[in-house]
Amino acid sequence: MKHPSLPSHARKDDPNLAAQHILIEIQEARRLWKRSTRGNIDSILKTFKLRLCYNTSVLYALCSWFKPRIVVETGVWFGASSSFILAALADNGTGHLYSIDLPNITYQLDDRCKLQIKTHSDVLPKDRKSGFGIPSNLHDRWTLITGDAKRELPKLVEELGKVDLFNHDSLHTYEHMQFEYKTVWPRLSTGGVLVSDDVDWNDAFEDFCNSIGVSPHIYESTGYAVKTT
């Protein structure tokens, strides 16, 4: 049984400890994947959510299932999501991750669908860089771009041409989430996957999926949609 409070407290109190915990979670994700491949992707995601501490562990399952070659993500911090993606790409034997991050930003989220204002702060420990928790043996498949996604994301997807899997985990305002989805979706390959964290913070993900006529798949705070045409 998982202990969801562990990574939560570690992220708040000691990102270094959280980074160490990623190594344990990656190994467990690999074992869980080997035991789960007889099911469909939705049942596998439910199992990952149930058994592993990090919500972002589902990225290992998604990348193992869809086997993307070009992956783009926004939001890195110490590198939990990045680590699960990179571990899957390494196990697949193919693929590269491009990450965009604007570190040490504190901002308020005034969500359309919630009355409360949330304060969000992903401050790195002193002398640490974005993604410091990513295991060193996974760095060869990783490119980090430091900057604002509003500027860097359009440039990156234009340069890449096509993206096979995109993961949003940066600024969780309705407007910014919609901006990232709309920027990447035209560049997603057929069969490509749009993934978003914290979709429960507002209606941006479901509204976007409805606007383009695709089915949203939502598991707790994680959502994904597949581009079929």
# chains A, B, ... in the order shown; residues from 1 in each chain; ligands from 1

$ closest_atom_pairs --of "range 147-195 of chain A" --to "range 201-220 of chain A" --cutoff "12 Å" --atoms "only C-alpha atoms" --output "Markdown table"
| residue | atom | partner | partner_atom | distance |
| --- | --- | --- | --- | --- |
| A:His168 | CA | A:Phe205 | CA | 10.3 |
| A:Asp169 | CA | A:Trp201 | CA | 11.9 |
| A:Leu171 | CA | A:Trp201 | CA | 11.0 |
| A:His172 | CA | A:Trp201 | CA | 7.3 |
| A:Thr173 | CA | A:Asn202 | CA | 7.6 |
| A:Tyr174 | CA | A:Ala204 | CA | 5.2 |
| A:Glu175 | CA | A:Ala204 | CA | 7.7 |
| A:His176 | CA | A:Ala204 | CA | 8.9 |
| A:Met177 | CA | A:Ala204 | CA | 6.3 |
| A:Gln178 | CA | A:Ala204 | CA | 6.0 |
| A:Phe179 | CA | A:Ala204 | CA | 9.7 |
| A:Glu180 | CA | A:Phe205 | CA | 10.5 |
| A:Tyr181 | CA | A:Phe208 | CA | 7.5 |
| A:Lys182 | CA | A:Phe208 | CA | 8.1 |
| A:Thr183 | CA | A:Phe208 | CA | 11.7 |
| A:Trp185 | CA | A:Ile212 | CA | 9.7 |
| A:Pro186 | CA | A:Ile212 | CA | 10.9 |
| A:Val193 | CA | A:Pro216 | CA | 10.9 |
| A:Leu194 | CA | A:Pro216 | CA | 9.6 |
| A:Val195 | CA | A:Phe205 | CA | 9.3 |

$ residues_around --residues "Val157 in chain A" --least-positions-apart "3" --cutoff "10 Å" --atoms "only C-alpha atoms" --output "ChimeraX atom specification"
/A:72,98,152-154,160-163,183-188

$ select_by_dssp --residues "range 57-218 of chain A" --states "strand (DSSP E)" --output "number ranges by chain"
A: 70-74, 96-101, 106-110, 117-121, 142-146, 163-168, 188-196, 217-218

$ write_last_selection --atoms "C-alpha atoms" --output "short mmCIF file (atom, residue, chain, number, x, y, z; two decimals), in the first residue's frame"
data_model
loop_
_atom_site.label_atom_id
_atom_site.label_comp_id
_atom_site.auth_asym_id
_atom_site.auth_seq_id
_atom_site.Cartn_x
_atom_site.Cartn_y
_atom_site.Cartn_z
CA ILE A 70 9.45 13.12 -29.10
CA VAL A 71 8.17 14.19 -25.68
CA VAL A 72 7.71 17.77 -24.48
CA GLU A 73 6.84 18.89 -20.96
CA THR A 74 6.38 22.21 -19.18
CA HIS A 96 13.91 12.19 -26.20
CA LEU A 97 12.40 14.57 -23.64
CA TYR A 98 12.42 18.35 -24.03
CA SER A 99 11.58 20.15 -20.78
CA ILE A 100 10.70 23.81 -20.33
CA ASP A 101 10.96 25.26 -16.84
CA THR A 106 5.72 32.09 -6.70
CA TYR A 107 2.28 33.07 -7.94
CA GLN A 108 -1.38 33.02 -7.00
CA LEU A 109 -3.98 30.95 -8.78
CA ASP A 110 -7.45 32.44 -8.94
CA ILE A 117 -7.02 31.44 -4.12
CA LYS A 118 -4.13 28.99 -4.06
CA THR A 119 -0.54 30.02 -3.58
CA HIS A 120 1.84 27.91 -5.60
CA SER A 121 5.59 27.99 -5.07
CA TRP A 142 16.98 14.97 -21.87
CA THR A 143 17.16 18.60 -23.01
CA LEU A 144 16.31 21.38 -20.53
CA ILE A 145 15.12 24.77 -21.74
CA THR A 146 14.96 27.49 -19.07
CA VAL A 163 5.34 15.94 -30.84
CA ASP A 164 4.27 12.45 -29.77
CA LEU A 165 3.46 13.17 -26.13
CA PHE A 166 3.04 16.48 -24.30
CA ASN A 167 2.80 16.88 -20.53
CA HIS A 168 1.55 20.12 -18.95
CA LEU A 188 0.70 16.35 -32.00
CA SER A 189 1.23 13.38 -34.27
CA THR A 190 -1.67 11.06 -35.09
CA GLY A 191 -1.91 8.79 -32.07
CA GLY A 192 -0.12 11.44 -30.01
CA VAL A 193 -1.06 12.07 -26.39
CA LEU A 194 -1.86 15.29 -24.52
CA VAL A 195 -1.31 14.85 -20.77
CA SER A 196 -2.07 17.39 -18.07
CA HIS A 217 -9.57 10.44 -19.67
CA ILE A 218 -9.19 11.63 -16.09
#

$ atom_distance --atom1 "CA of Gly79 in chain A" --atom2 "CA of Leu59 in chain A"
12.4 Å
